[in-house]
Amino acid sequence: MYTQALNTAETDDRGLEDAGRAAQFQARIDAEERIEPNDWMPAAYRKTLTRQISQHAHSEIVGMLPEGNWITRAPTLRRKAALLAKVQDECGHGLYLYAAAETLGASREELVDAMLAGKAKYSSIFNYPTLTWADIGTIGWLVDGAAIMNQIPLCRCSYGPYARAMIRVCKEESFHQRQGYEIMLTLCRGSDEQKAMAQDALNRWWWPVLMMFGPPDATSQHSDTSTKWKIKRFSNDELRQKFVDATVPQAQYLGLTIPDPGMTQDADGHWRYSEIDWTEFKQVLAGNGPCNRDRMAARRKAHNEGAWVREAAAAYAAKRAQRQTAQAAE
Amino acid sequence: MAIANIQVCETPLVLYTLRRADDALILGHRLSEWCGHAPMLEEDMALSNIALDLIGQARELYTYAAKAEGRDNDEDKLAYLRDVRQYRNLLLVEQPNGDFAQTMVRQFFYSAFADLYWRAMMSSPDTTLAAIAAKSEKESAYHLRHASEWIIRLGDGTDESRARAQGAIDHLWAFTGEMFAVDDGERALIHAGIAIDPGTLRGRWLTTLSGVVSEATLHLPQNDWMQQGGRAGRHSEHLGHLLSELQSMQRTFPGQTW
């Protein structure tokens, strides 16, 4: 789960590189060919993708925390198993994505270290708290729904390993999204207290979810290069609109009210939303969201407290290799 | 309107099944506490996987217990509406996660038993228990392999990991005896051939343990004192806290559909 709020490209550096190779590269992209790890690629393309894929991986891993917050309190055994399996899927996505980033020459360790040092970003949506069980439904429905809007086009991303990872990730996310919607449906068909819980969750998550698509096109930087490289196929505003149009009828079916009294449907059927408060987005991005500090602290704690385990595994592997070498020499 | 604890008519078969269900749920719950906080992503995956297997076993066992009881209880009522004194799990499985060594040793002790236990239960004439056993045995064999590999890595890893692993073994050892104990109700089921006598598994359990522990350059304690009480609902202080979290939604919003 992640969207393109963070997807920004490096400035094209082709002027500095071999012009012939760069033209050939662009021709392959234009012909919708996939770029594979051993193929020549411009340094800026490599850097852009490493950053985007690793931010996506960090988002999956940090994204385990807000939902993980409810695993021990899920209201039934079926919900508990489903939520645990879902959070485990997010971890799996993180792993594939780190592996995809490694095909570009970065190591998982260095990417994780950059995240823990606060130098790499993850999706801001995970800096909001999960306060009630309805938040788990809402995250599945809206956060995963928004992620799918962004990730379906990424299945056709020009970089092969990323595109292939996205195909599997999208299948799982789409399952999560339906699961989340089903939680909401159950709440909305339940008691007044449950409906109120569902409405309250929608009220809190709606605007942050719209922000997941990133700044408005008018202010977004570098997207031209990403578009030219076919990493990004739709603009932030295009995807946001698609998401809103898909979501409004779903909310209506649930009997929930989208917390935007100014929302209207235009003649073409598009739901026009009110102005987004980008000050909040910038604050959360700058580290001042309600949970930024908690999320980083939790990841650092897991990393630091796990250090002795990783050291033990490495020490044992080294001893074992040494014994095998000694045995072979006998 | 608050829902009080449900009453369970604990016939020998119901009680027997509930005890195994509680073992699986409580251990699964403990493992699920690691999700998002494990020492490496591979272990977030593995511990969640084992937790899912155990929660799955618990659901089947609760469903069977409810059926055997024949009242209107179900898996969720049994899991969410019994208090600490009504829970029947082993003390071992409710022990807190502690560090990774403690979690792995707890898993190792339990899975080494569960693997033998479920394999033996596959030939129970109770076809439901035999079917649950067949599924659980496959899962337990993997859980045991995973835990054994970690015991060896930790024991034969660094000085620190070795000290932590040995400390965990020493700490948890006293909770292992309960796995092999039998009360009168269970004895009747054993005589009827429905259940197996866990005491007969202890020798093989010790052989499994000794092999792994010695490869890990660790040792099993000499101390024979064994703590018991979980099967009769006399738990450690830890279980009440676990249940207050596990049951919080059902207790706060009684009688609703989720």
# chains A, B, ... in the order shown; residues from 1 in each chain; ligands from 1

$ interface_residues --of "chain A" --to "chain B" --cutoff "6 Å" --atoms "only C-alpha atoms" --output "ChimeraX atom specification"
/A:64,72-73,75-76,88,302,306,312-313,315-316

$ select_by_dssp --residues "region 34-211 of chain B" --states "alpha helix (DSSP H)" --output "VMD selection string"
chain B and resid 41 to 69 75 to 80 91 to 94 100 to 121 127 to 155 159 to 172 184 to 191 202 to 211

$ select_by_dssp --residues "region 202-295 of chain A" --states "strand (DSSP E or B)" --output "ChimeraX atom specification"
/A:264-265,271-272

$ residues_around --residues "Leu18 (chain B)" --least-positions-apart "6" --cutoff "7 Å" --atoms "only C-alpha atoms" --output "ChimeraX atom specification"
/B:61-62,65,88

$ residues_around --residues "Gln241 (chain A)" --least-positions-apart "4" --cutoff "9 Å" --atoms "only C-alpha atoms" --output "list of chain:residue names"
A:Asn236, A:Asp237, A:Asp245, A:Ala246, A:His270, A:Trp271, A:Arg272, A:Tyr273

$ closest_residue --among "B:His191, B:Lys67, B:Arg231, B:His146" --to "Phe175 (chain B)" --atoms "only C-alpha atoms"
B:Arg231

$ residues_around --residues "Tyr159 (chain A)" --least-positions-apart "3" --cutoff "7 Å" --atoms "only C-alpha atoms" --output "list in words"
Arg34, Ile35, Glu36, Tyr162 and Ala163 of chain A

$ atom_distance --atom1 "CA of Asp184 (chain B)" --atom2 "CA of Arg234 (chain B)"
17.1 Å

$ atom_distance --atom1 "CA of Ala114 (chain B)" --atom2 "CA of Asn69 (chain A)"
29.2 Å

$ atom_distance --atom1 "CA of Pro129 (chain A)" --atom2 "CA of Gly287 (chain A)"
14.2 Å

$ closest_residue --among "A:Ala74, A:Thr138, A:Asp39, A:Cys155" --to "Thr103 (chain A)" --atoms "only C-alpha atoms"
A:Asp39

$ closest_residue --among "A:Ser235, A:Asn292, A:Gln199, A:Asn150" --to "Val62 (chain A)" --atoms "only C-alpha atoms"
A:Asn292

$ closest_residue --among "A:Glu102, A:Asp224, A:Glu90, A:Asp18" --to "Lys47 (chain A)" --atoms "only C-alpha atoms"
A:Glu102
